[in-house]
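File shown: work.pdb (PDB, C-alpha atoms).
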```pdb
MODEL        1
ATOM      1  CA  MET A 778     -14.425   7.249   9.462
ATOM      2  CA  ASN A 779     -12.042   5.939  12.063
ATOM      3  CA  PHE A 780      -8.314   6.714  11.544
ATOM      4  CA  ILE A 781      -6.035   4.282  13.406
ATOM      5  CA  SER A 782      -2.301   4.823  13.865
ATOM      6  CA  THR A 783       0.063   1.959  13.137
ATOM      7  CA  GLU A 784       3.543   1.161  14.455
ATOM      8  CA  ILE A 785       4.745   3.885  12.077
ATOM      9  CA  PRO A 786       2.538   6.856  13.052
ATOM     10  CA  GLU A 787       2.355   8.403   9.556
ATOM     11  CA  ILE A 788       0.741   5.240   8.154
ATOM     12  CA  LEU A 789      -2.940   5.049   9.012
ATOM     13  CA  ARG A 790      -5.544   2.315   8.803
ATOM     14  CA  ILE A 791      -8.884   3.815   7.873
ATOM     15  CA  GLN A 792     -12.147   2.165   8.827
ATOM     16  CA  PRO A 793     -15.178   3.582   7.029
ATOM     17  CA  GLN A 794     -18.658   3.661   8.471
ATOM     18  CA  VAL A 795     -20.631   1.043   6.508
ATOM     19  CA  PHE A 796     -24.414   1.309   6.180
ATOM     20  CA  ARG A 797     -25.946  -2.095   5.372
ATOM     21  CA  ASP A 798     -29.479  -3.112   4.496
ATOM     22  CA  ASP A 799     -31.272  -5.807   2.461
ATOM     23  CA  ARG A 800     -29.975  -4.283  -0.782
ATOM     24  CA  GLY A 801     -26.306  -4.335   0.189
ATOM     25  CA  PHE A 802     -24.229  -1.505   1.659
ATOM     26  CA  PHE A 803     -23.147   2.109   1.249
ATOM     27  CA  MET A 804     -20.004   3.793   2.554
ATOM     28  CA  GLU A 805     -17.920   6.879   1.943
ATOM     29  CA  THR A 806     -14.321   6.018   1.107
ATOM     30  CA  TYR A 807     -12.994   9.561   0.827
ATOM     31  CA  GLN A 808     -14.088  12.995   1.954
ATOM     32  CA  LYS A 809     -11.455  15.727   1.692
ATOM     33  CA  ASN A 810     -12.371  17.639   4.861
ATOM     34  CA  VAL A 811     -12.492  14.467   6.994
ATOM     35  CA  PHE A 812      -9.097  13.346   5.669
ATOM     36  CA  ASN A 813      -7.648  16.843   6.194
ATOM     37  CA  ASP A 814      -8.852  16.771   9.810
ATOM     38  CA  ALA A 815      -7.008  13.448  10.222
ATOM     39  CA  GLY A 816      -3.770  15.008   8.920
ATOM     40  CA  ILE A 817      -3.990  13.681   5.363
ATOM     41  CA  ASP A 818      -3.875  17.034   3.613
ATOM     42  CA  TYR A 819      -2.965  15.947   0.095
ATOM     43  CA  GLU A 820      -4.552  16.305  -3.304
ATOM     44  CA  PHE A 821      -5.153  13.003  -5.073
ATOM     45  CA  VAL A 822      -4.428  13.192  -8.805
ATOM     46  CA  GLN A 823      -4.604   9.622 -10.105
ATOM     47  CA  ASP A 824      -6.617   6.450  -9.433
ATOM     48  CA  ASN A 825      -5.133   3.023 -10.214
ATOM     49  CA  HIS A 826      -6.766  -0.417 -10.362
ATOM     50  CA  SER A 827      -4.757  -3.627 -10.069
ATOM     51  CA  SER A 828      -6.180  -7.136 -10.406
ATOM     52  CA  SER A 829      -4.091 -10.083  -9.232
ATOM     53  CA  LYS A 830      -4.563 -13.802  -8.927
ATOM     54  CA  GLN A 831      -3.876 -15.693  -5.718
ATOM     55  CA  PHE A 832      -0.309 -15.714  -4.368
ATOM     56  CA  THR A 833       0.775 -12.745  -6.517
ATOM     57  CA  LEU A 834       3.248 -10.463  -4.775
ATOM     58  CA  ARG A 835       3.641  -6.921  -6.112
ATOM     59  CA  GLY A 836       6.349  -4.632  -4.786
ATOM     60  CA  LEU A 837       8.156  -3.019  -3.198
ATOM     61  CA  HIS A 838       7.536   0.047  -5.409
ATOM     62  CA  TYR A 839       8.101   3.789  -4.976
ATOM     63  CA  GLN A 840       9.088   6.905  -6.920
ATOM     64  CA  VAL A 841      12.141   9.000  -6.046
ATOM     65  CA  LYS A 842      10.987  11.918  -8.213
ATOM     66  CA  HIS A 843       7.359  12.966  -8.040
ATOM     67  CA  THR A 844       6.917  10.943  -4.846
ATOM     68  CA  GLN A 845       3.497   9.456  -4.278
ATOM     69  CA  GLY A 846       1.308   9.063  -1.260
ATOM     70  CA  LYS A 847      -1.164   6.193  -1.707
ATOM     71  CA  LEU A 848      -4.642   5.518  -0.344
ATOM     72  CA  VAL A 849      -5.131   1.772  -0.854
ATOM     73  CA  LYS A 850      -8.327  -0.291  -0.692
ATOM     74  CA  VAL A 851      -9.505  -3.715  -1.860
ATOM     75  CA  VAL A 852     -12.822  -4.031  -3.684
ATOM     76  CA  VAL A 853     -12.591  -7.767  -4.506
ATOM     77  CA  GLY A 854     -10.781 -10.379  -2.413
ATOM     78  CA  ALA A 855      -8.079  -9.914   0.210
ATOM     79  CA  ILE A 856      -4.443  -8.842   0.409
ATOM     80  CA  TYR A 857      -1.701  -8.317   2.932
ATOM     81  CA  ASP A 858      -0.531  -4.751   2.268
ATOM     82  CA  VAL A 859       2.962  -3.570   3.254
ATOM     83  CA  ALA A 860       4.648  -0.175   3.508
ATOM     84  CA  VAL A 861       8.362   0.364   4.242
ATOM     85  CA  ASP A 862       9.805   3.640   5.533
ATOM     86  CA  LEU A 863      12.478   4.743   3.040
ATOM     87  CA  ARG A 864      13.217   8.140   4.616
ATOM     88  CA  ARG A 865      16.796   8.012   5.878
ATOM     89  CA  SER A 866      16.089  10.889   8.298
ATOM     90  CA  SER A 867      13.161   9.042   9.903
ATOM     91  CA  PRO A 868      13.478   7.188  13.225
ATOM     92  CA  ASP A 869      11.493   4.411  11.481
ATOM     93  CA  PHE A 870      13.856   4.120   8.480
ATOM     94  CA  GLY A 871      13.845   0.532   7.233
ATOM     95  CA  LYS A 872      10.838  -0.493   9.338
ATOM     96  CA  TRP A 873       7.673  -1.858   7.780
ATOM     97  CA  VAL A 874       3.980  -2.023   8.584
ATOM     98  CA  GLY A 875       1.537  -4.626   7.270
ATOM     99  CA  ALA A 876      -2.269  -4.639   7.208
ATOM    100  CA  PHE A 877      -4.926  -7.056   6.015
ATOM    101  CA  LEU A 878      -7.208  -5.280   3.547
ATOM    102  CA  SER A 879     -10.250  -7.014   2.110
ATOM    103  CA  GLU A 880     -13.638  -6.508   0.569
ATOM    104  CA  GLU A 881     -15.054  -7.784   3.876
ATOM    105  CA  ASN A 882     -13.302  -5.418   6.298
ATOM    106  CA  LYS A 883     -13.434  -2.497   3.826
ATOM    107  CA  GLU A 884     -10.408  -0.873   5.490
ATOM    108  CA  GLN A 885      -8.052   1.416   3.638
ATOM    109  CA  LEU A 886      -4.379   2.114   4.237
ATOM    110  CA  TRP A 887      -2.852   5.589   3.938
ATOM    111  CA  ILE A 888       0.807   5.435   2.906
ATOM    112  CA  PRO A 889       2.439   8.890   2.723
ATOM    113  CA  PRO A 890       5.208   9.884   0.289
ATOM    114  CA  GLY A 891       8.601   8.465   1.247
ATOM    115  CA  PHE A 892       7.485   4.845   1.629
ATOM    116  CA  GLY A 893       7.860   1.729  -0.509
ATOM    117  CA  HIS A 894       4.647  -0.218  -1.089
ATOM    118  CA  GLY A 895       3.713  -3.770  -1.987
ATOM    119  CA  PHE A 896       1.104  -6.430  -1.356
ATOM    120  CA  PHE A 897       0.516 -10.178  -1.382
ATOM    121  CA  THR A 898      -2.761 -11.585  -2.724
ATOM    122  CA  LEU A 899      -4.419 -13.944  -0.249
ATOM    123  CA  SER A 900      -7.706 -14.691  -2.072
ATOM    124  CA  ASP A 901      -8.321 -16.388  -5.442
ATOM    125  CA  ARG A 902      -8.355 -12.904  -6.960
ATOM    126  CA  ALA A 903      -7.912  -9.414  -5.543
ATOM    127  CA  ASP A 904      -8.804  -6.094  -7.107
ATOM    128  CA  VAL A 905      -6.909  -3.241  -5.471
ATOM    129  CA  ILE A 906      -7.765   0.394  -6.102
ATOM    130  CA  TYR A 907      -5.511   3.156  -4.909
ATOM    131  CA  LYS A 908      -5.418   6.904  -5.181
ATOM    132  CA  THR A 909      -2.054   8.633  -5.580
ATOM    133  CA  THR A 910      -0.882  12.132  -4.715
ATOM    134  CA  ASN A 911       1.301  12.381  -7.807
ATOM    135  CA  PHE A 912       1.296  11.020 -11.337
ATOM    136  CA  PHE A 913       3.174   7.870 -12.351
ATOM    137  CA  ASP A 914       6.739   8.672 -13.410
ATOM    138  CA  SER A 915       8.559   5.781 -15.077
ATOM    139  CA  GLN A 916      11.892   7.654 -14.897
ATOM    140  CA  GLY A 917      11.624   8.024 -11.127
ATOM    141  CA  GLU A 918      10.177   4.568 -10.416
ATOM    142  CA  ARG A 919      12.247   2.329  -8.136
ATOM    143  CA  CYS A 920      11.874  -1.125  -6.554
ATOM    144  CA  ILE A 921      13.374  -2.991  -3.626
ATOM    145  CA  ARG A 922      13.508  -6.781  -3.378
ATOM    146  CA  TRP A 923      10.361  -8.083  -1.709
ATOM    147  CA  ASP A 924      12.387 -10.775   0.095
ATOM    148  CA  ASP A 925      15.196  -8.515   1.311
ATOM    149  CA  PRO A 926      16.803 -10.150   4.378
ATOM    150  CA  ASP A 927      17.481  -6.821   6.125
ATOM    151  CA  LEU A 928      13.812  -5.806   5.914
ATOM    152  CA  ALA A 929      12.627  -9.330   6.866
ATOM    153  CA  ILE A 930       9.015  -8.646   5.878
ATOM    154  CA  ASP A 931       6.503 -11.286   6.937
ATOM    155  CA  TRP A 932       4.293 -11.291   3.836
ATOM    156  CA  GLN A 933       1.881 -13.847   5.332
ATOM    157  CA  ILE A 934       2.833 -16.318   2.575
ATOM    158  CA  PRO A 935       1.525 -19.804   3.378
ATOM    159  CA  GLU A 936       4.179 -22.461   3.926
ATOM    160  CA  GLY A 937       5.122 -24.250   0.702
ATOM    161  CA  ILE A 938       3.915 -21.405  -1.557
ATOM    162  CA  THR A 939       6.244 -19.553  -3.910
ATOM    163  CA  PRO A 940       4.767 -16.138  -4.716
ATOM    164  CA  LEU A 941       4.199 -15.016  -8.302
ATOM    165  CA  VAL A 942       6.571 -12.095  -8.821
ATOM    166  CA  SER A 943       7.258  -9.994 -11.930
ATOM    167  CA  MET A 944      10.682 -10.070 -13.557
ATOM    168  CA  LYS A 945      11.169  -6.419 -12.528
ATOM    169  CA  ASP A 946      10.417  -7.203  -8.880
ATOM    170  CA  SER A 947      12.595 -10.327  -8.829
ATOM    171  CA  ARG A 948      15.562  -8.309 -10.150
ATOM    172  CA  ALA A 949      15.094  -5.326  -7.835
ATOM    173  CA  PRO A 950      18.067  -4.228  -5.731
ATOM    174  CA  LEU A 951      18.414  -5.036  -2.059
ATOM    175  CA  PHE A 952      17.446  -2.412   0.512
ATOM    176  CA  ARG A 953      21.068  -1.596   1.360
ATOM    177  CA  ASP A 954      21.752  -0.802  -2.340
ATOM    178  CA  ALA A 955      18.506   1.018  -3.102
ATOM    179  CA  GLU A 956      18.075   4.710  -3.780
ATOM    180  CA  VAL A 957      16.110   6.081  -0.812
ATOM    181  CA  PHE A 958      14.941   9.466   0.440
ATOM    182  CA  PRO A 959      17.035  11.880   2.524
TER     183      PRO A 959
ENDMDL
END
```
Translate this structure into structure tokens?
Amino acid sequence: MNFISTEIPEILRIQPQVFRDDRGFFMETYQKNVFNDAGIDYEFVQDNHSSSKQFTLRGLHYQVKHTQGKLVKVVVGAIYDVAVDLRRSSPDFGKWVGAFLSEENKEQLWIPPGFGHGFFTLSDRADVIYKTTNFFDSQGERCIRWDDPDLAIDWQIPEGITPLVSMKDSRAPLFRDAEVFP
């Protein structure tokens, strides 16, 4: 596997080695010792699977209690995946990183605890699978508005398209009013 730093060094793009033949392909998507060697020394405790139709935007989500690191990959379709640094003590506080993840490129994105996460579905349908380092905690779950002007995230939304957003996400607080990490 190839681990590639992003503009925020703690967020990593992960390119697996893909073995293809006439039958299809094989790849490893996770191996604890390889991830540990790359600095991702976490235990994953939960796997989640999300399926979304085209132009769905999910996020920005995070947990203030029982914070979660996420290892995100796409098994069907394509998304633009986004992580926002919500650690007030970080030099990258309020900055975001985006990455194209798809069934074609087979890349994964490592998002450590302390970040908000969301994605925009580019293909007709996208199935996203992600491992988390902590269990879901509805009491500690928080959201930030996906279209927050201070964050100014470029979600790669085509001109003239209004994204499909949940009621929860459309009512989320702005970044300046959100509960963040120390």
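Once the PyMOL selection byres ((chain A and resi 850) around 9) is applied to the shown structure, the selection contains Thr806, Leu848, Val849, Val851, Val852, Leu878, Ser879, Glu880, Lys883, Glu884, Gln885, Leu886, Asp904, Val905, Ile906, Tyr907 and Lys908 of chain A.
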Residues at most 10 Å from stretch 795-801 of chain A, counting all atoms listed in the file, excluding those fewer than 3 positions away in the same chain, as a VMD selection string?
chain A and resid 778 792 804 to 806 882 to 883
Please evaluate the PyMOL selection byres ((chain A and resi 861) around 7) against the structure above and give the resulting residues as a VMD selection string.
chain A and resid 859 to 860 862 to 863 871 to 874 892 to 894
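Comparing the minimum interatomic distances between A:Ile791 and each of A:Pro950, A:Gln840, A:Asn911, A:Val811, counting all atoms listed in the file, we find that A:Val811 sits nearest.
Comparing the minimum interatomic distances between A:Ser900 and each of A:Ser866, A:Gln808, A:Gln831, A:Thr783, counting all atoms listed in the file, we find that A:Gln831 sits nearest.
For the choices A:Pro889, A:Pro793, A:Gly875, A:Pro786, the atom-to-atom distance to A:Ile817 is smallest for A:Pro889 when using all atoms listed in the file.
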So that I can see what lies close to A:Arg953, please list as a ChimeraX atom specification the residues with an atom at most 12 Å from it, counting all atoms listed in the file and leaving out residues fewer than 5 positions away in the same chain.
/A:863,865,870-871,921-922,925-928
For the file shown, what are the residues hit by the PyMOL selection byres ((chain A and resi 818) around 12), laid out as a count of residues only?
17
